[in-house]
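Undergrad: Take a look at the following structure, please.
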Amino acid sequence: MQYRHYGKLGYDVSLLGMGCMRLPRQSDGAVDREAAYEMIRYAVDNGVNYFDTAFGYHSRTSEEVLGEALEGERRKKAIIATKQPFGEMKDQATIRRNLENTLKKLRTDHLDVYLIHGINGGAWPKIKEREVLKEFEKFRDEGLIGAIAFSYHGDYEHFAQILQEYDWGMCQVQHNFLDTDREVTSKGIELAGKLGLALVVMEPLRGGNLGKITKAVQSVYDTANVARSSVEWAFRFVANYPQVSTVLSGMSTLEQLKENIRLFSEPDMTPGNLTSADLEMLKKVKETYEQIVTVPCTGCEYCLPCPQGVAIPTAFDRYNTAMKFENLEPSRRTYMFLTRAGTDATKCVECGACETKCPQEIKIIEQLKLVHETLQGWVER
Ligand code: SF4
Ligand code: SF4
């Protein structure tokens, strides 16, 4: 396993971090605990020391599952980062109560990193006004948390402002080779490095989408000097930045975990591992993807629950799969299951609640109509 400095915090973290928002699930949607324990323990025993979870992941059960899996000796080897969402921070007492619950669920007496979850430009002034960071500093003085950090979805300008207005220990951002000029952009990655922050990258595969390729995309990959899977190219792109401490991957199977450990243990998975020809090739892959009309949904589920029960990310995933693989039929069939379950796009009453929560600023109402027009009408024979 490759390890990197965690900014100015004085310790090293595994370049592969385990994101605990896509743990294996049972058929009812709940986390398959035995499978998740096996994966988490395998990760620690094979060099992964960075675990990222959050108050809200997996209907608020992710922290608990992680805590159960790590309890005992493995906890001592693991760096745990978790997050409290600003929406749950009603007052100072609630902020403290939320932390206490999190510690209990994680079966630990301290968190290595505590993040404010998903800050955006609009929330930042309110966070300052409510003096949330003073409360976090008290937790740090009491030894309950280590680094104070934030995760962010949004543009470079607000990101730069938030970075420079507080002495953060770490920031966690979305980045991959499709996002060099959106979200925080490559410029944001460089700025975080300049300020000496630990930098954690999430969505290196854009919600798994970079693992799916069309014939057109494959033909660009085929021009590379070396044959690699699309997943490896995407991981190598983020590992190429010297500013990046760890790359989060939300894995759902032991096989994925094993493969990722293998990739992140390659001796040349280092800053500057890509040649200028490799970077040029990835730029062409990006341009090819951009020619395919898709919804830029990462599957983060922040838009859920929809009061009408619309399965928003699932509907977008069906649509994107159809577009990327240039094959409508399988997606039309799986979309029919949403109709049967009463969670398809037609249930949307256009209340707009989801759109304000979407970090990708997707015009969800409009896009759901497009999904329905494209995928409706499958008749099971
Ligand atoms: S706008 Fe539609 S999809 Fe979004 S929350 Fe409202 S009903 Fe649900
Ligand atoms: S629509 Fe937006 S909030 Fe919902 S899952 Fe997709 S990216 Fe996340």
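Chain identifiers are assigned as A, B, and so on, following the order in which chains appear in the structure tokens; residues are numbered from 1 within each chain, and ligands are numbered from 1 in order of appearance.
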Let me have all residues with an atom within 9 Å of ligand 1, counting only C-alpha atoms and all ligand atoms, laid out as a count of residues only.
TA: 24
Undergrad: Can you list, as a PyMOL selection string, every residue of segment 60-220 of chain A that DSSP puts in strand (DSSP E)?
TA: chain A and resi 79-85+111-119+145-152+170-174+198-202
Undergrad: Go through the chains and note each residue within 9 Å of ligand 2, using only C-alpha atoms and all ligand atoms, then give the set as a list in words.
TA: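 Protein and nucleic-acid residues within 9 Å of ligand 2: Gly207, Val295, Pro296, Cys297, Thr298, Gly299, Cys300, Glu301, Tyr302, Cys303, Leu304, Ile312, Pro313, Thr314, Phe316, Asp317, Cys354, Glu355, Thr356, Lys357, Cys358, Pro359, Gln360, Glu361, Ile362, Lys363 and Ile364 of chain A.
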Undergrad: Give me the residues within 10 Å of Asp112 of chain A as a ChimeraX atom specification, counting only C-alpha atoms and dropping any in the same chain fewer than 6 places off.
TA: /A:50,78-82,140,143-148
Undergrad: Take the residues that were just selected and, keeping N, CA and C atoms, output them as an mmCIF file, in the first residue's frame.
TA:
data_model
loop_
_atom_site.group_PDB
_atom_site.id
_atom_site.type_symbol
_atom_site.label_atom_id
_atom_site.label_comp_id
_atom_site.auth_asym_id
_atom_site.auth_seq_id
_atom_site.Cartn_x
_atom_site.Cartn_y
_atom_site.Cartn_z
ATOM 1 N N TYR A 50 -7.323 4.310 6.500
ATOM 2 C CA TYR A 50 -8.192 5.502 6.490
ATOM 3 C C TYR A 50 -9.636 5.118 6.174
ATOM 4 N N ALA A 78 -6.607 2.228 12.816
ATOM 5 C CA ALA A 78 -7.464 2.958 11.861
ATOM 6 C C ALA A 78 -7.561 4.444 12.184
ATOM 7 N N ILE A 79 -7.549 5.246 11.128
ATOM 8 C CA ILE A 79 -7.848 6.677 11.258
ATOM 9 C C ILE A 79 -9.297 6.836 10.824
ATOM 10 N N ILE A 80 -10.118 7.315 11.755
ATOM 11 C CA ILE A 80 -11.550 7.441 11.439
ATOM 12 C C ILE A 80 -11.901 8.904 11.204
ATOM 13 N N ALA A 81 -12.520 9.147 10.053
ATOM 14 C CA ALA A 81 -13.047 10.479 9.744
ATOM 15 C C ALA A 81 -14.562 10.348 9.615
ATOM 16 N N THR A 82 -15.301 11.176 10.338
ATOM 17 C CA THR A 82 -16.747 11.181 10.143
ATOM 18 C C THR A 82 -17.257 12.615 10.157
ATOM 19 N N ARG A 140 -11.953 19.469 20.387
ATOM 20 C CA ARG A 140 -10.526 19.151 20.151
ATOM 21 C C ARG A 140 -9.717 19.343 21.442
ATOM 22 N N GLY A 143 -9.954 16.503 23.689
ATOM 23 C CA GLY A 143 -9.407 15.241 23.177
ATOM 24 C C GLY A 143 -10.446 14.338 22.531
ATOM 25 N N LEU A 144 -11.636 14.892 22.238
ATOM 26 C CA LEU A 144 -12.678 14.062 21.616
ATOM 27 C C LEU A 144 -12.496 13.944 20.107
ATOM 28 N N ILE A 145 -11.871 14.952 19.527
ATOM 29 C CA ILE A 145 -11.617 14.901 18.079
ATOM 30 C C ILE A 145 -10.174 15.358 17.803
ATOM 31 N N GLY A 146 -9.660 14.958 16.627
ATOM 32 C CA GLY A 146 -8.335 15.414 16.216
ATOM 33 C C GLY A 146 -8.495 16.613 15.292
ATOM 34 N N ALA A 147 -8.332 16.368 13.995
ATOM 35 C CA ALA A 147 -8.386 17.466 13.033
ATOM 36 C C ALA A 147 -9.812 17.962 12.796
ATOM 37 N N ILE A 148 -9.912 19.273 12.595
ATOM 38 C CA ILE A 148 -11.203 19.883 12.231
ATOM 39 C C ILE A 148 -11.202 20.071 10.713
#
Undergrad: Find the residue from A:Thr214, A:Gln243, A:Thr102, A:Asn327 that sits nearest to Ile189 of chain A; use only C-alpha atoms when measuring.
TA: A:Gln243
Undergrad: From a DSSP calculation on the backbone, collect every residue of segment 51-273 of chain A in helix (DSSP H, G or I) and output the set as a ChimeraX atom specification.
TA: /A:57-60,62-70,73-77,86-88,92-105,123-129,132-141,156-164,185-194,209-211,215-221,230-239,254-264
Undergrad: Find the residues near segment 235-238 of chain A: any atom within 7 Å, counting only C-alpha atoms, skip ones fewer than 5 places away on the same chain, and give them as JSON, numbers by chain.
TA: {"A": [176, 177, 204, 269]}
